[in-house]
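Just data-v5.cif here, mmCIF, C-alpha atoms and all ligand atoms:
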```cif
data_entry
loop_
_atom_site.group_PDB
_atom_site.id
_atom_site.type_symbol
_atom_site.label_atom_id
_atom_site.label_comp_id
_atom_site.auth_asym_id
_atom_site.auth_seq_id
_atom_site.Cartn_x
_atom_site.Cartn_y
_atom_site.Cartn_z
ATOM 1 C CA MET A 1 -82.591 41.059 -59.778
ATOM 2 C CA ALA A 2 -81.611 37.489 -60.533
ATOM 3 C CA ASP A 3 -78.622 38.717 -62.494
ATOM 4 C CA ARG A 4 -77.395 40.831 -59.595
ATOM 5 C CA SER A 5 -77.480 37.956 -57.095
ATOM 6 C CA LEU A 6 -75.522 35.763 -59.502
ATOM 7 C CA ARG A 7 -72.856 38.417 -59.839
ATOM 8 C CA GLY A 8 -72.614 38.630 -56.056
ATOM 9 C CA MET A 9 -71.941 34.914 -55.829
ATOM 10 C CA ARG A 10 -69.251 35.152 -58.454
ATOM 11 C CA LEU A 11 -67.536 37.948 -56.558
ATOM 12 C CA GLY A 12 -67.612 35.886 -53.372
ATOM 13 C CA GLY A 13 -65.949 33.012 -55.153
ATOM 14 C CA GLN A 14 -63.205 35.249 -56.433
ATOM 15 C CA SER A 15 -62.417 36.702 -53.022
ATOM 16 C CA LEU A 16 -62.121 33.188 -51.589
ATOM 17 C CA GLN A 17 -59.674 32.249 -54.297
ATOM 18 C CA SER A 18 -57.439 35.231 -53.696
ATOM 19 C CA GLU A 19 -57.286 34.418 -49.971
ATOM 20 C CA GLU A 20 -56.151 30.899 -50.670
ATOM 21 C CA GLY A 21 -52.798 32.128 -51.948
ATOM 22 C CA VAL A 22 -52.069 33.873 -48.634
ATOM 23 C CA VAL A 23 -52.888 30.899 -46.413
ATOM 24 C CA PHE A 24 -49.946 29.819 -44.311
ATOM 25 C CA SER A 25 -49.836 26.775 -42.080
ATOM 26 C CA PRO A 26 -50.696 27.802 -38.517
ATOM 27 C CA ARG A 27 -47.960 27.401 -35.954
ATOM 28 C CA MET A 28 -47.983 26.884 -32.223
ATOM 29 C CA THR A 29 -45.342 27.547 -29.649
ATOM 30 C CA HIS A 30 -44.893 24.807 -27.089
ATOM 31 C CA THR A 31 -42.933 25.217 -23.900
ATOM 32 C CA TYR A 32 -40.798 22.471 -22.435
ATOM 33 C CA LEU A 33 -39.704 22.599 -18.824
ATOM 34 C CA CYS A 34 -36.374 21.044 -18.009
ATOM 35 C CA SER A 35 -36.448 19.036 -14.804
ATOM 36 C CA THR A 36 -32.653 19.206 -14.502
ATOM 37 C CA CYS A 37 -31.937 22.943 -14.759
ATOM 38 C CA GLY A 38 -35.523 24.222 -14.397
ATOM 39 C CA LYS A 39 -35.302 26.383 -17.511
ATOM 40 C CA GLU A 40 -37.892 26.543 -20.241
ATOM 41 C CA THR A 41 -37.261 25.722 -23.868
ATOM 42 C CA GLU A 42 -39.710 27.067 -26.430
ATOM 43 C CA MET A 43 -40.292 25.203 -29.650
ATOM 44 C CA VAL A 44 -42.497 26.137 -32.594
ATOM 45 C CA PHE A 45 -44.380 23.337 -34.292
ATOM 46 C CA SER A 46 -47.031 23.258 -36.940
ATOM 47 C CA ALA A 47 -50.404 23.536 -35.188
ATOM 48 C CA GLU A 48 -51.556 20.449 -37.077
ATOM 49 C CA ALA A 49 -48.757 18.289 -35.741
ATOM 50 C CA GLU A 50 -48.906 16.827 -32.267
ATOM 51 C CA ALA A 51 -46.112 18.216 -30.136
ATOM 52 C CA PRO A 52 -43.657 15.641 -28.782
ATOM 53 C CA GLU A 53 -43.994 14.993 -25.042
ATOM 54 C CA THR A 54 -40.335 15.698 -24.420
ATOM 55 C CA TRP A 55 -37.638 17.803 -26.040
ATOM 56 C CA GLU A 56 -33.972 18.357 -25.486
ATOM 57 C CA CYS A 57 -33.302 21.272 -23.126
ATOM 58 C CA LYS A 58 -31.622 24.185 -24.913
ATOM 59 C CA PHE A 59 -29.496 24.952 -21.876
ATOM 60 C CA CYS A 60 -28.243 21.635 -20.492
ATOM 61 C CA SER A 61 -29.336 19.086 -23.149
ATOM 62 C CA ASN A 62 -31.290 17.068 -20.623
ATOM 63 C CA GLU A 63 -34.859 16.033 -21.154
ATOM 64 C CA ALA A 64 -37.448 18.798 -20.949
ATOM 65 C CA ILE A 65 -41.131 17.998 -20.547
ATOM 66 C CA LEU A 66 -43.989 19.550 -22.515
ATOM 67 C CA MET A 67 -45.991 22.100 -20.523
ATOM 68 C CA ILE A 68 -49.773 21.844 -20.584
ATOM 69 C CA GLY A 69 -50.942 25.252 -19.462
ATOM 70 C CA SER A 70 -48.745 26.082 -16.469
ATOM 71 C CA GLU A 71 -47.895 22.497 -15.504
ATOM 72 C CA PRO A 72 -45.534 20.032 -17.155
ATOM 73 C CA MET A 73 -47.434 17.060 -18.498
ATOM 74 C CA ILE A 74 -47.309 13.844 -16.515
ATOM 75 C CA LEU A 75 -45.352 11.093 -18.200
ATOM 76 C CA ASP A 76 -46.124 7.626 -16.916
ATOM 77 C CA ARG A 77 -43.498 5.826 -18.898
ATOM 78 C CA ALA A 78 -42.320 3.996 -15.792
ATOM 79 C CA GLU A 79 -45.505 1.975 -15.768
ATOM 80 C CA ALA A 80 -45.734 1.794 -19.550
ATOM 81 C CA LYS A 81 -49.075 0.123 -19.223
ATOM 82 C CA VAL A 82 -51.368 -0.536 -22.120
ATOM 83 C CA PRO A 83 -54.302 1.854 -21.978
ATOM 84 C CA ARG A 84 -57.316 0.046 -20.588
ATOM 85 C CA SER A 85 -60.288 -0.408 -22.789
ATOM 86 C CA HIS A 86 -63.895 -0.091 -21.663
ATOM 87 C CA TRP A 87 -64.042 -3.839 -21.905
ATOM 88 C CA ASP A 88 -61.131 -4.238 -19.444
ATOM 89 C CA MET A 89 -62.827 -1.934 -16.971
ATOM 90 C CA LEU A 90 -66.084 -3.800 -17.376
ATOM 91 C CA LEU A 91 -64.357 -7.087 -16.659
ATOM 92 C CA GLU A 92 -62.945 -5.656 -13.435
ATOM 93 C CA ARG A 93 -66.409 -4.927 -12.140
ATOM 94 C CA ARG A 94 -68.165 -8.032 -13.366
ATOM 95 C CA THR A 95 -67.243 -11.615 -13.993
ATOM 96 C CA ARG A 96 -67.395 -13.038 -17.464
ATOM 97 C CA ALA A 97 -70.341 -15.230 -16.518
ATOM 98 C CA GLU A 98 -72.264 -12.184 -15.331
ATOM 99 C CA LEU A 99 -71.500 -10.396 -18.571
ATOM 100 C CA GLU A 100 -72.683 -13.322 -20.614
ATOM 101 C CA GLU A 101 -75.870 -13.383 -18.616
ATOM 102 C CA LEU A 102 -76.365 -9.666 -19.232
ATOM 103 C CA LEU A 103 -75.678 -10.151 -22.909
ATOM 104 C CA GLN A 104 -78.181 -12.972 -23.107
ATOM 105 C CA GLU A 105 -80.810 -10.866 -21.365
ATOM 106 C CA ARG A 106 -80.144 -8.023 -23.758
ATOM 107 C CA LEU A 107 -80.351 -10.318 -26.785
ATOM 108 C CA ASP A 108 -83.596 -11.827 -25.541
ATOM 109 C CA TYR A 109 -84.969 -8.348 -25.027
ATOM 110 C CA LEU A 110 -83.934 -7.237 -28.517
ATOM 111 C CA ARG A 111 -85.349 -10.392 -30.091
ATOM 112 C CA ALA A 112 -88.594 -9.897 -28.212
ATOM 113 C CA ARG A 113 -88.787 -6.284 -29.396
ATOM 114 C CA ARG A 114 -88.044 -7.270 -32.971
ATOM 115 C CA GLY A 115 -90.757 -9.911 -32.739
ATOM 116 C CA GLN A 116 -93.221 -7.337 -31.447
ATOM 117 C CA GLN A 117 -92.384 -4.985 -34.303
ATOM 118 C CA LYS A 118 -93.033 -7.729 -36.822
ATOM 119 C CA ILE A 119 -96.419 -8.377 -35.282
ATOM 120 C CA GLY A 120 -97.138 -4.652 -35.249
ATOM 121 C CA ALA A 121 -96.179 -4.253 -38.903
HETATM 122 ZN ZN ZN B 1 -31.963 22.037 -18.727
#
```

The structure given in the file should be rewritten as structure tokens.
Amino acid sequence: MADRSLRGMRLGGQSLQSEEGVVFSPRMTHTYLCSTCGKETEMVFSAEAEAPETWECKFCSNEAILMIGSEPMILDRAEAKVPRSHWDMLLERRTRAELEELLQERLDYLRARRGQQKIGA
């Protein structure tokens, strides 16, 4: 019984090994829509690689934009703004003084809790 289950495991290992030799890198077709001539250019990239946002149109050599589903992706290069962090957004809603007050409250709360735990233990 024990011998049979061991043999089964060994067989499983072998079948995995033989599959490894057949593995090919997955590929994805991305479509680029040309805003100049309105034609689509299809490009095949490795599925692991991130597709470029734009590609040269096959038909008129102008810039074609990567399609996400049925819509070309929105490029906001014109603004070229640095992506906002959570911290930036927080600062827009609250002043720094308010944040420091909140932080102090939170620290006091944590210290109080830690103190309570010490007493408890
Ligand atoms: Zn074109």

- [ ] For the structure shown, which residues end up in the PyMOL selection byres (((chain A and resi 45-51) around 10) and not hetatm)? Put them as a PyMOL selection string, please?
- [x] chain A and resi 25-31+42-44+52-55+66

Open item on the list: For ligand ZN 1 (chain B), return the neighbouring residues as a PyMOL selection string (distance at most 9 Å; only C-alpha atoms and all ligand atoms).
Closed with: chain A and resi 33-41+56-64

Task: Point-to-point distance from CA of Tyr32 in chain A to CA of Asp76 in chain A, Å rounded to tenths - done: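 Distance reported for this atom pair: 16.7 Å.
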
Range 23-38 of chain A: axis-aligned bounding box, 5 Å on each side, centre and edge lengths in Å, one decimal, as JSON:
```
{"center_x": -42.4, "center_y": 25.0, "center_z": -30.4, "size_x": 31.0, "size_y": 21.9, "size_z": 42.0}
```
